[in-house]
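Novice: For reference, the file target-v2.cif (mmCIF, C-alpha atoms and all ligand atoms) is included below:
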```
data_input
#
loop_
_atom_site.label_atom_id
_atom_site.label_comp_id
_atom_site.auth_asym_id
_atom_site.auth_seq_id
_atom_site.Cartn_x
_atom_site.Cartn_y
_atom_site.Cartn_z
CA MET A 1 0.00 0.00 0.00
CA ASN A 2 1.20 3.53 -0.78
CA LYS A 3 2.50 5.46 2.21
CA VAL A 4 3.84 9.00 2.34
CA ILE A 5 7.59 8.85 3.02
CA ALA A 6 8.49 12.52 2.55
CA LYS A 7 6.52 15.70 2.73
CA VAL A 8 7.27 19.38 2.23
CA GLU A 9 4.84 21.84 3.71
CA ASN A 10 4.61 25.53 2.83
CA LEU A 11 8.31 25.56 2.12
CA SER A 12 9.85 28.95 1.33
CA HIS A 13 13.48 30.00 1.15
CA LYS A 14 15.25 33.31 0.80
CA TYR A 15 19.03 33.38 0.22
CA SER A 16 19.48 37.08 0.77
CA ARG A 17 16.87 39.49 -0.54
CA ASP A 18 14.84 37.42 -3.02
CA TRP A 19 12.75 34.32 -2.48
CA ALA A 20 14.29 31.29 -4.26
CA ILE A 21 11.20 29.17 -3.55
CA ARG A 22 7.80 30.19 -2.27
CA ASP A 23 5.16 28.05 -0.58
CA ILE A 24 6.15 24.66 -2.00
CA ASN A 25 3.98 21.67 -1.01
CA PHE A 26 4.22 18.08 -2.14
CA GLU A 27 4.28 14.50 -0.87
CA VAL A 28 6.47 11.58 -1.92
CA PHE A 29 5.18 8.01 -1.76
CA ASN A 30 7.30 5.10 -0.52
CA ARG A 31 7.68 3.47 -3.97
CA GLY A 32 8.33 4.86 -7.42
CA ILE A 33 9.93 7.96 -8.87
CA LEU A 34 8.84 11.55 -8.42
CA GLY A 35 10.28 13.94 -11.01
CA LEU A 36 11.10 17.46 -9.88
CA LEU A 37 11.11 19.30 -13.19
CA GLY A 38 12.08 22.92 -13.78
CA SER A 39 14.33 25.11 -15.87
CA ASN A 40 17.65 26.47 -14.58
CA GLY A 41 17.20 28.58 -11.47
CA ALA A 42 13.61 27.36 -10.93
CA GLY A 43 14.35 26.28 -7.35
CA LYS A 44 14.93 22.50 -7.64
CA SER A 45 18.30 22.37 -5.86
CA THR A 46 17.05 24.68 -3.11
CA THR A 47 14.05 22.39 -2.51
CA MET A 48 16.20 19.24 -2.52
CA ASN A 49 18.88 20.77 -0.31
CA ILE A 50 16.24 21.62 2.28
CA LEU A 51 14.65 18.17 2.01
CA CYS A 52 18.07 16.54 2.48
CA GLY A 53 19.01 18.83 5.38
CA VAL A 54 21.85 20.56 3.52
CA ILE A 55 20.36 24.02 4.15
CA ASN A 56 17.75 25.27 6.59
CA GLN A 57 14.59 26.77 5.12
CA THR A 58 13.38 30.28 5.87
CA GLU A 59 9.78 29.09 6.33
CA GLY A 60 7.80 25.85 6.29
CA ASN A 61 8.67 22.23 7.09
CA ALA A 62 10.22 19.15 5.51
CA PHE A 63 9.51 15.70 6.91
CA ILE A 64 11.12 12.34 6.15
CA ASP A 65 8.94 9.45 7.32
CA GLY A 66 7.27 11.87 9.74
CA ILE A 67 10.58 13.15 11.16
CA ASN A 68 11.08 16.90 10.93
CA MET A 69 14.36 17.50 9.08
CA ARG A 70 14.98 20.79 10.85
CA SER A 71 14.43 19.64 14.42
CA LYS A 72 15.82 16.09 14.09
CA PRO A 73 18.32 16.23 11.19
CA VAL A 74 20.45 13.27 12.30
CA GLU A 75 17.48 10.86 12.46
CA ALA A 76 15.94 12.21 9.25
CA LYS A 77 19.19 12.07 7.24
CA LYS A 78 19.64 8.36 8.07
CA LEU A 79 16.60 7.66 5.90
CA ILE A 80 17.94 9.49 2.84
CA GLY A 81 20.50 8.70 0.16
CA PHE A 82 21.67 11.60 -1.99
CA LEU A 83 23.46 11.74 -5.32
CA PRO A 84 24.25 15.39 -6.07
CA GLN A 85 24.75 16.67 -9.60
CA LYS A 86 28.48 16.17 -9.21
CA ALA A 87 28.85 12.71 -7.69
CA PRO A 88 31.01 12.86 -4.54
CA LEU A 89 33.53 10.28 -5.81
CA HIS A 90 37.13 9.82 -4.65
CA ILE A 91 38.52 8.84 -8.00
CA GLU A 92 41.83 7.52 -6.65
CA LEU A 93 40.03 4.79 -4.63
CA THR A 94 38.80 1.42 -5.86
CA VAL A 95 35.04 0.75 -5.89
CA ASP A 96 35.31 -1.35 -2.70
CA GLU A 97 37.51 1.20 -0.90
CA TYR A 98 35.18 4.04 -1.81
CA LEU A 99 31.97 2.22 -0.83
CA THR A 100 33.57 1.06 2.45
CA HIS A 101 34.40 4.71 3.17
CA CYS A 102 30.77 5.67 2.41
CA ALA A 103 29.50 2.86 4.65
CA HIS A 104 31.62 4.24 7.53
CA LEU A 105 30.27 7.75 6.89
CA ARG A 106 26.78 6.28 7.12
CA SER A 107 27.68 4.64 10.46
CA ILE A 108 26.93 1.12 9.23
CA PRO A 109 28.22 -1.34 11.92
CA LYS A 110 31.57 -2.85 10.85
CA VAL A 111 30.25 -6.44 10.69
CA GLU A 112 27.46 -5.38 8.34
CA ILE A 113 29.67 -3.49 5.87
CA PRO A 114 30.63 -6.44 3.60
CA ASP A 115 26.96 -7.39 3.09
CA ALA A 116 25.96 -3.76 2.53
CA LEU A 117 28.66 -3.44 -0.15
CA GLU A 118 27.66 -6.66 -1.90
CA ARG A 119 23.99 -5.66 -1.92
CA ALA A 120 24.62 -2.14 -3.27
CA LYS A 121 27.11 -3.35 -5.89
CA ALA A 122 24.80 -6.15 -7.07
CA LYS A 123 21.86 -3.74 -7.36
CA CYS A 124 23.95 -1.27 -9.37
CA GLY A 125 25.62 -3.90 -11.58
CA ILE A 126 29.18 -3.09 -10.50
CA SER A 127 30.18 -6.25 -8.58
CA HIS A 128 32.69 -7.17 -11.32
CA PHE A 129 34.45 -3.81 -10.88
CA SER A 130 35.06 -4.13 -7.13
CA LYS A 131 38.84 -3.73 -7.43
CA ARG A 132 38.74 -1.14 -10.23
CA VAL A 133 40.01 2.37 -9.47
CA LEU A 134 37.12 4.82 -10.00
CA ARG A 135 39.19 7.02 -12.31
CA ASN A 136 39.37 4.09 -14.77
CA LEU A 137 35.60 3.57 -14.99
CA SER A 138 33.45 5.06 -17.77
CA GLY A 139 31.10 7.95 -16.95
CA GLY A 140 28.13 5.56 -16.87
CA TYR A 141 29.86 3.20 -14.41
CA GLN A 142 31.06 6.10 -12.24
CA GLN A 143 27.42 7.16 -12.02
CA ARG A 144 26.48 3.61 -10.98
CA VAL A 145 29.03 3.89 -8.17
CA GLY A 146 27.42 7.22 -7.24
CA LEU A 147 24.06 5.44 -7.07
CA ALA A 148 25.58 2.60 -5.02
CA GLN A 149 26.83 5.10 -2.39
CA ALA A 150 23.32 6.60 -2.29
CA ILE A 151 21.75 3.22 -1.39
CA ILE A 152 24.57 1.72 0.71
CA HIS A 153 22.63 2.25 3.97
CA ASN A 154 19.35 1.01 2.44
CA PRO A 155 17.56 4.38 2.72
CA LYS A 156 13.80 4.81 2.34
CA LEU A 157 14.28 7.81 0.03
CA VAL A 158 16.92 8.42 -2.64
CA VAL A 159 17.37 11.93 -4.02
CA LEU A 160 19.08 12.28 -7.41
CA ASP A 161 20.10 15.61 -8.92
CA GLU A 162 20.34 15.49 -12.75
CA PRO A 163 21.51 11.83 -12.64
CA THR A 164 22.03 11.38 -16.38
CA ASN A 165 23.81 14.67 -17.00
CA GLY A 166 26.88 14.26 -19.20
CA LEU A 167 26.22 10.61 -20.11
CA ASP A 168 26.04 9.27 -23.65
CA PRO A 169 22.69 7.94 -24.99
CA ASN A 170 23.45 4.29 -24.11
CA GLN A 171 24.61 5.18 -20.62
CA ILE A 172 21.49 7.33 -20.15
CA GLN A 173 19.27 4.33 -20.97
CA GLU A 174 21.21 2.07 -18.60
CA VAL A 175 21.20 4.55 -15.70
CA ARG A 176 17.46 5.22 -16.18
CA LYS A 177 16.79 1.47 -16.06
CA LEU A 178 18.84 1.20 -12.89
CA ILE A 179 17.01 4.12 -11.26
CA LYS A 180 13.69 2.38 -12.01
CA GLU A 181 15.01 -0.81 -10.36
CA ILE A 182 16.16 1.17 -7.32
CA ALA A 183 12.66 2.69 -7.07
CA GLU A 184 11.02 -0.75 -6.94
CA ASP A 185 11.50 -0.96 -3.19
CA ARG A 186 11.98 2.69 -2.14
CA ALA A 187 11.07 6.22 -3.09
CA VAL A 188 13.20 8.20 -5.54
CA ILE A 189 13.12 11.92 -6.25
CA LEU A 190 14.76 12.80 -9.52
CA SER A 191 15.49 16.42 -10.27
CA THR A 192 15.99 17.48 -13.87
CA HIS A 193 15.39 20.21 -16.44
CA ILE A 194 14.79 17.59 -19.15
CA LEU A 195 11.12 16.94 -19.82
CA SER A 196 11.77 13.67 -21.69
CA GLU A 197 13.76 12.37 -18.70
CA VAL A 198 10.73 12.78 -16.45
CA GLN A 199 8.42 11.28 -19.07
CA ALA A 200 10.73 8.27 -19.50
CA THR A 201 11.26 7.49 -15.83
CA CYS A 202 8.81 9.08 -13.40
CA ASP A 203 5.41 8.10 -11.98
CA HIS A 204 4.69 11.52 -10.49
CA ILE A 205 5.76 14.99 -11.48
CA VAL A 206 6.19 18.21 -9.55
CA MET A 207 6.92 21.03 -11.94
CA ILE A 208 8.49 24.13 -10.48
CA GLU A 209 9.05 27.48 -12.11
CA GLN A 210 10.36 30.71 -10.59
CA GLY A 211 10.18 29.17 -7.16
CA THR A 212 6.55 28.03 -7.24
CA ILE A 213 4.82 24.80 -8.24
CA VAL A 214 2.99 25.06 -11.55
CA PHE A 215 1.92 21.41 -11.80
CA SER A 216 1.82 18.45 -9.41
CA ASP A 217 0.13 15.16 -10.31
CA SER A 218 0.69 11.72 -11.83
CA MET A 219 2.68 11.36 -15.05
CA TYR A 220 -0.48 10.11 -16.72
CA ALA A 221 -2.36 13.28 -15.77
CA PHE A 222 0.58 15.41 -16.93
CA ASN A 223 0.78 13.72 -20.34
CA ASN A 224 -2.96 14.24 -20.81
CA TYR A 225 -2.65 17.83 -19.70
CA ILE A 226 0.08 18.71 -22.17
CA ALA A 227 -1.23 16.56 -25.02
CA PRO A 228 -0.20 18.13 -28.34
CA ASN A 229 -2.65 20.58 -29.83
CA SER A 230 -0.98 21.17 -33.15
CA LEU A 231 0.15 19.15 -36.13
CA ILE A 232 2.03 19.70 -39.35
CA MET A 233 0.80 18.66 -42.80
CA GLU A 234 3.20 18.60 -45.72
CA GLY A 235 2.41 18.01 -49.39
CA GLU A 236 2.73 19.31 -52.95
CA VAL A 237 -0.84 20.62 -53.32
CA LEU A 238 -2.42 21.24 -49.93
CA PRO A 239 -6.08 22.16 -49.34
CA SER A 240 -7.24 25.71 -48.75
CA LYS A 241 -7.55 27.29 -45.33
CA GLU A 242 -11.37 27.30 -45.62
CA GLU A 243 -11.50 23.60 -46.47
CA LEU A 244 -9.34 22.71 -43.46
CA LEU A 245 -11.37 24.87 -41.11
CA ASN A 246 -14.41 22.78 -42.08
CA VAL A 247 -12.78 19.64 -40.61
CA PRO A 248 -14.22 18.99 -37.11
CA HIS A 249 -12.04 20.24 -34.21
CA ILE A 250 -9.63 22.22 -36.44
CA GLU A 251 -9.51 25.69 -34.89
CA LYS A 252 -6.67 27.47 -36.62
CA VAL A 253 -4.74 27.06 -39.87
CA GLU A 254 -1.28 28.54 -40.23
CA ILE A 255 0.32 28.48 -43.69
CA ILE A 256 4.06 28.02 -43.11
CA ASN A 257 4.86 27.85 -46.86
CA SER A 258 3.19 26.51 -49.99
CA ASN A 259 4.01 22.92 -48.99
CA LYS A 260 3.63 23.08 -45.24
CA ILE A 261 0.71 23.92 -42.94
CA ARG A 262 0.33 23.96 -39.16
CA LEU A 263 -3.11 23.07 -37.79
CA ARG A 264 -4.24 23.77 -34.25
CA PHE A 265 -7.02 21.58 -32.95
CA SER A 266 -9.23 21.35 -29.89
CA ASN A 267 -9.53 17.56 -29.63
CA ALA A 268 -6.69 15.17 -30.47
CA ASP A 269 -8.90 12.06 -30.76
CA HIS A 270 -8.40 10.52 -34.22
CA ILE A 271 -7.42 13.90 -35.68
CA THR A 272 -4.64 12.49 -37.88
CA GLN A 273 -6.85 9.62 -39.09
CA THR A 274 -9.63 12.08 -39.93
CA LEU A 275 -7.23 14.20 -41.97
CA ILE A 276 -5.76 11.18 -43.77
CA HIS A 277 -9.26 9.95 -44.69
CA LYS A 278 -10.16 13.44 -45.93
CA SER A 279 -6.95 13.56 -47.94
CA VAL A 280 -7.80 10.29 -49.71
CA GLU A 281 -11.43 11.33 -50.22
CA LYS A 282 -10.65 14.80 -51.56
CA GLY A 283 -7.44 13.92 -53.39
CA TRP A 284 -5.15 16.21 -51.39
CA ASP A 285 -1.55 15.45 -52.20
CA LEU A 286 -0.54 14.70 -48.60
CA LYS A 287 3.11 13.61 -48.15
CA GLU A 288 3.53 13.81 -44.41
CA ILE A 289 1.47 14.47 -41.28
CA TYR A 290 2.78 14.55 -37.70
CA LEU A 291 1.85 15.85 -34.26
CA GLU A 292 4.11 18.57 -32.91
CA LYS A 293 5.87 17.67 -29.67
CA THR A 294 5.65 20.14 -26.84
CA ASP A 295 9.06 21.15 -25.46
CA LEU A 296 9.67 22.40 -21.92
CA ASP A 297 9.21 26.06 -22.89
CA GLY A 298 5.94 25.16 -24.60
CA VAL A 299 4.77 23.25 -21.54
CA PHE A 300 5.53 26.17 -19.23
CA ALA A 301 3.72 28.54 -21.60
CA GLN A 302 0.77 26.13 -21.75
CA LEU A 303 0.66 25.67 -17.98
CA SER A 304 0.86 29.37 -17.21
CA GLY A 305 -1.74 30.01 -19.91
CA LYS A 306 -4.08 27.42 -18.42
CA ALA A 307 -3.36 28.64 -14.88
N1 LIG B 1 23.65 30.22 -2.53
C1 LIG B 1 22.83 31.05 -3.14
N2 LIG B 1 22.84 32.38 -2.89
C2 LIG B 1 21.98 33.22 -3.51
N3 LIG B 1 21.05 32.84 -4.42
C3 LIG B 1 21.01 31.54 -4.73
C4 LIG B 1 21.88 30.57 -4.12
N4 LIG B 1 21.59 29.36 -4.63
C5 LIG B 1 20.58 29.54 -5.50
N5 LIG B 1 20.24 30.84 -5.57
C6 LIG B 1 19.15 31.43 -6.39
O1 LIG B 1 17.94 30.79 -6.04
C7 LIG B 1 17.15 30.52 -7.19
C8 LIG B 1 16.85 29.03 -7.29
O2 LIG B 1 18.07 28.36 -7.53
P1 LIG B 1 18.23 26.77 -7.54
O3 LIG B 1 19.69 26.45 -7.60
O4 LIG B 1 17.44 26.20 -6.43
O5 LIG B 1 17.51 26.41 -8.92
P2 LIG B 1 17.60 25.06 -9.79
O6 LIG B 1 16.24 24.83 -10.30
O7 LIG B 1 18.23 23.99 -9.00
O8 LIG B 1 18.55 25.49 -10.97
P3 LIG B 1 19.76 24.65 -11.66
O9 LIG B 1 19.11 23.58 -12.49
O10 LIG B 1 20.42 25.70 -12.49
O11 LIG B 1 20.63 24.11 -10.56
C9 LIG B 1 17.91 31.06 -8.37
O12 LIG B 1 17.43 32.36 -8.64
C10 LIG B 1 19.34 31.12 -7.87
O13 LIG B 1 20.07 32.15 -8.50
#
```
Render the structure in this file as structure tokens.
Specialist:
Amino acid sequence: MNKVIAKVENLSHKYSRDWAIRDINFEVFNRGILGLLGSNGAGKSTTMNILCGVINQTEGNAFIDGINMRSKPVEAKKLIGFLPQKAPLHIELTVDEYLTHCAHLRSIPKVEIPDALERAKAKCGISHFSKRVLRNLSGGYQQRVGLAQAIIHNPKLVVLDEPTNGLDPNQIQEVRKLIKEIAEDRAVILSTHILSEVQATCDHIVMIEQGTIVFSDSMYAFNNYIAPNSLIMEGEVLPSKEELLNVPHIEKVEIINSNKIRLRFSNADHITQTLIHKSVEKGWDLKEIYLEKTDLDGVFAQLSGKA
């Protein structure tokens, strides 16, 4: 059953004069991945740093499994694993030496350290690199070691800041898969400015912009909310504006050039099929038709427009 494992309540923070975040509220469930999405400077790191007890908030509260991070930071921090944007690796150590060091930092009893290492390495697929010096691992494997240190003490919540930053496409896929596996038996918060990252990995999304939440719901609700509302038609001899405006749900026709038209529509259901059928019926010379993807800027514009 879903249980709330972390909660931020009316969280606000001011570094000097200006508010970095204002009145942030959200809950994190004990399984799955919550994506904290926002552009640069939106307030993601500030929120995560408060949640992880790295900085103290100006107003509001952050709780981990019911423990107030501000009043009981030692207890609360035991329940969290954190992988910052720049993984805190000691590149001159081997994987085992580094993870042993992390286990000590996490106050794992000495007799339990070997098992903790084996478990974290197995989960992150790095057991075969135990004796390898970190410097000699690829970026993707260094990130796996970063993830292993974040779960070495078996925390209930793992917080990841831009975990696929700087990785190549294959490494990105592998690290995303690993993050999903890690989230099978604990909660993960993943902070990123990449919309597709959240769509590919997360179950819930909290979208933050200029220090305030602009969207917070399931990924399913988000995808429905930002469903495309425009498409492009390309062809040699395209129909007239008037003809297109007669097609149900087409609201606006924008002629890009003589071979390319953008259509805005109110209802996405079967819109491409309808246009393809019309094209066959009326003999339009349609070469290509595709929905336009909404990028992060478009989503923000859409959300603020709808708000
Ligand atoms: N130590 C600091 N002192 C003063 N202002 C800060 C400090 N850290 C962050 N800020 C400001 O607070 C706001 C939120 O920054 P924050 O780093 O939380 O955003 P972010 O979403 O994590 O961005 P990024 O993806 O670039 O890290 C920004 O306006 C930033 O300039």
Novice: Which residues of chain A come within 6 Å of ligand LIG 1 (chain B), and what is each one's closest atom pair and distance in Å (one decimal), counting only C-alpha atoms and all ligand atoms, sorted by chain and residue number, as CSV?
Specialist:
```
residue,atom,partner,partner_atom,distance
A:Tyr15,CA,B:LIG1,C2,4.8
A:Ala20,CA,B:LIG1,O1,4.1
A:Gly38,CA,B:LIG1,O6,5.8
A:Ser39,CA,B:LIG1,O6,5.9
A:Asn40,CA,B:LIG1,O10,3.6
A:Gly41,CA,B:LIG1,O5,3.4
A:Ala42,CA,B:LIG1,O6,3.7
A:Gly43,CA,B:LIG1,O4,3.2
A:Lys44,CA,B:LIG1,O6,3.8
A:Ser45,CA,B:LIG1,O7,3.5
A:Thr46,CA,B:LIG1,O4,3.7
```
Novice: Using only C-alpha atoms for the distances, tell me which of A:Leu147, A:Arg31, A:Leu117, A:Val237 is nearest to A:His101.
Specialist: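 Closest to A:His101, using only C-alpha atoms: A:Leu117.
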Novice: Restricting the calculation to all atoms listed in the file, which member of A:Tyr220, A:Leu89, A:Asn246, A:Gln210 is positioned closest to A:Asp18?
Specialist: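 Of all the options, A:Gln210 lies closest to A:Asp18.
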Novice: Using all atoms listed in the file, which of A:Ile255, A:Leu137, A:Ile24, A:Ala200 sits nearest A:Leu11?
Specialist: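 Between A:Ile255, A:Leu137, A:Ile24, A:Ala200, the residue approaching A:Leu11 most closely is A:Ile24.
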Novice: So which residues touch A:Arg70 within 12 Å, counting all atoms listed in the file, skipping near sequence neighbours fewer than 2 positions away, as a list in words?
Specialist: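 In the requested format, the answer is Val8, Leu11, Asn49, Ile50, Leu51, Cys52, Gly53, Val54, Ile55, Asn56, Gln57, Thr58, Glu59, Gly60, Asn61, Ala62, Phe63, Ile64, Gly66, Ile67, Asn68, Lys72, Pro73, Val74, Glu75, Ala76 and Lys77 of chain A.
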Novice: Can you tell me how far atom CA of A:Leu275 sits from atom CA of A:Leu244, in Å to one decimal?
Specialist: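 Straight-line distance from atom CA of A:Leu275 to atom CA of A:Leu244 works out to 8.9 Å.
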Novice: Taking (24.6, 6.8, 9.1) in the file's coordinates, which residues come within 8 Å, counting only C-alpha atoms, written as a list in words?
Specialist: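 Taken together, the residues in range are Lys77, Lys78, Ala103, His104, Leu105, Arg106, Ser107, Ile108 and His153 of chain A.
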Novice: Take the residues that were just selected and, keeping C-alpha atoms, output them as a short mmCIF file (atom, residue, chain, number, x, y, z; two decimals), in the frame of the given file.
Specialist:
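Full text of result30.cif as output:
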```cif
data_model
loop_
_atom_site.label_atom_id
_atom_site.label_comp_id
_atom_site.auth_asym_id
_atom_site.auth_seq_id
_atom_site.Cartn_x
_atom_site.Cartn_y
_atom_site.Cartn_z
CA LYS A 77 19.19 12.07 7.24
CA LYS A 78 19.64 8.36 8.07
CA ALA A 103 29.50 2.86 4.65
CA HIS A 104 31.62 4.24 7.53
CA LEU A 105 30.27 7.75 6.89
CA ARG A 106 26.78 6.28 7.12
CA SER A 107 27.68 4.64 10.46
CA ILE A 108 26.93 1.12 9.23
CA HIS A 153 22.63 2.25 3.97
#
```
Novice: Considering all atoms listed in the file, state which residue in the set A:Gly81, A:Phe29, A:Lys293, A:Pro155 is at the smallest distance from A:Asp203.
Specialist: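 Checking each of A:Gly81, A:Phe29, A:Lys293, A:Pro155 against A:Asp203, counting all atoms listed in the file, the winner is A:Phe29.
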Novice: Identify which of the residues A:Val280, A:Gly146, A:Ile261, A:Gly35 lies closest to A:His90, counting all atoms listed in the file when measuring atom-to-atom distances.
Specialist: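 Closest to A:His90 of all the choices is A:Gly146.
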Novice: Could you list as a list of chain:residue names every residue that has an atom within 10 Å of (30.9, 7.3, -8.6), using the file's coordinates and counting only C-alpha atoms?
Specialist: A:Leu83, A:Lys86, A:Ala87, A:Pro88, A:Leu89, A:His90, A:Ile91, A:Val95, A:Tyr98, A:Leu99, A:Leu134, A:Arg135, A:Leu137, A:Ser138, A:Gly139, A:Gly140, A:Tyr141, A:Gln142, A:Gln143, A:Arg144, A:Val145, A:Gly146, A:Leu147, A:Ala148, A:Gln149, A:Ala150
Novice: Kindly compute an axis-aligned box around the listed atoms of stretch 150-165 of chain A, allowing 3 Å on each side, and express its centre and edge lengths in Å to one decimal as lines of an AutoDock Vina configuration file.
Specialist:
```
center_x = 19.2
center_y = 8.3
center_z = -6.5
size_x = 16.8
size_y = 20.6
size_z = 27.0
```
Novice: Show which residues sit within 7 Å of A:Gly32, as a ChimeraX atom specification. Count all atoms listed in the file, and ignore same-chain residues fewer than 5 positions away.
Specialist: /A:183-184,186-188,203
Novice: Which one of A:Arg17, A:Lys177, A:His193, A:His249 sits closest to A:Ile271 if you count only C-alpha atoms?
Specialist: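 Looking at the shortest contact to A:Ile271, the residue is A:His249.
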Novice: Rounded to one decimal, what separation in Å do you get between atom CA of A:Ser240 and atom CA of A:Gly298?
Specialist: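 The value is 27.5 Å.
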Novice: Neighbouring residues of A:Glu27 were defined as those with any atom within 10 Å, considering all atoms listed in the file; residues of the same chain fewer than 6 positions away were excluded. Please report them as a PyMOL selection string.
Specialist: chain A and resi 3-9+34+62-63+206+216
Novice: Compile the contact shell of A:Leu286 as number ranges by chain: residues with an atom at most 10 Å away, counting all atoms listed in the file, same-chain residues fewer than 2 positions apart removed.
Specialist: A: 233-239, 259-260, 275-276, 279-280, 283-284, 288-289
Novice: Distance atom CA of A:Thr274-atom CA of A:Gln199, one decimal place?
Specialist: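 Computed distance, atom CA of A:Thr274 to atom CA of A:Gln199, equals 27.6 Å.
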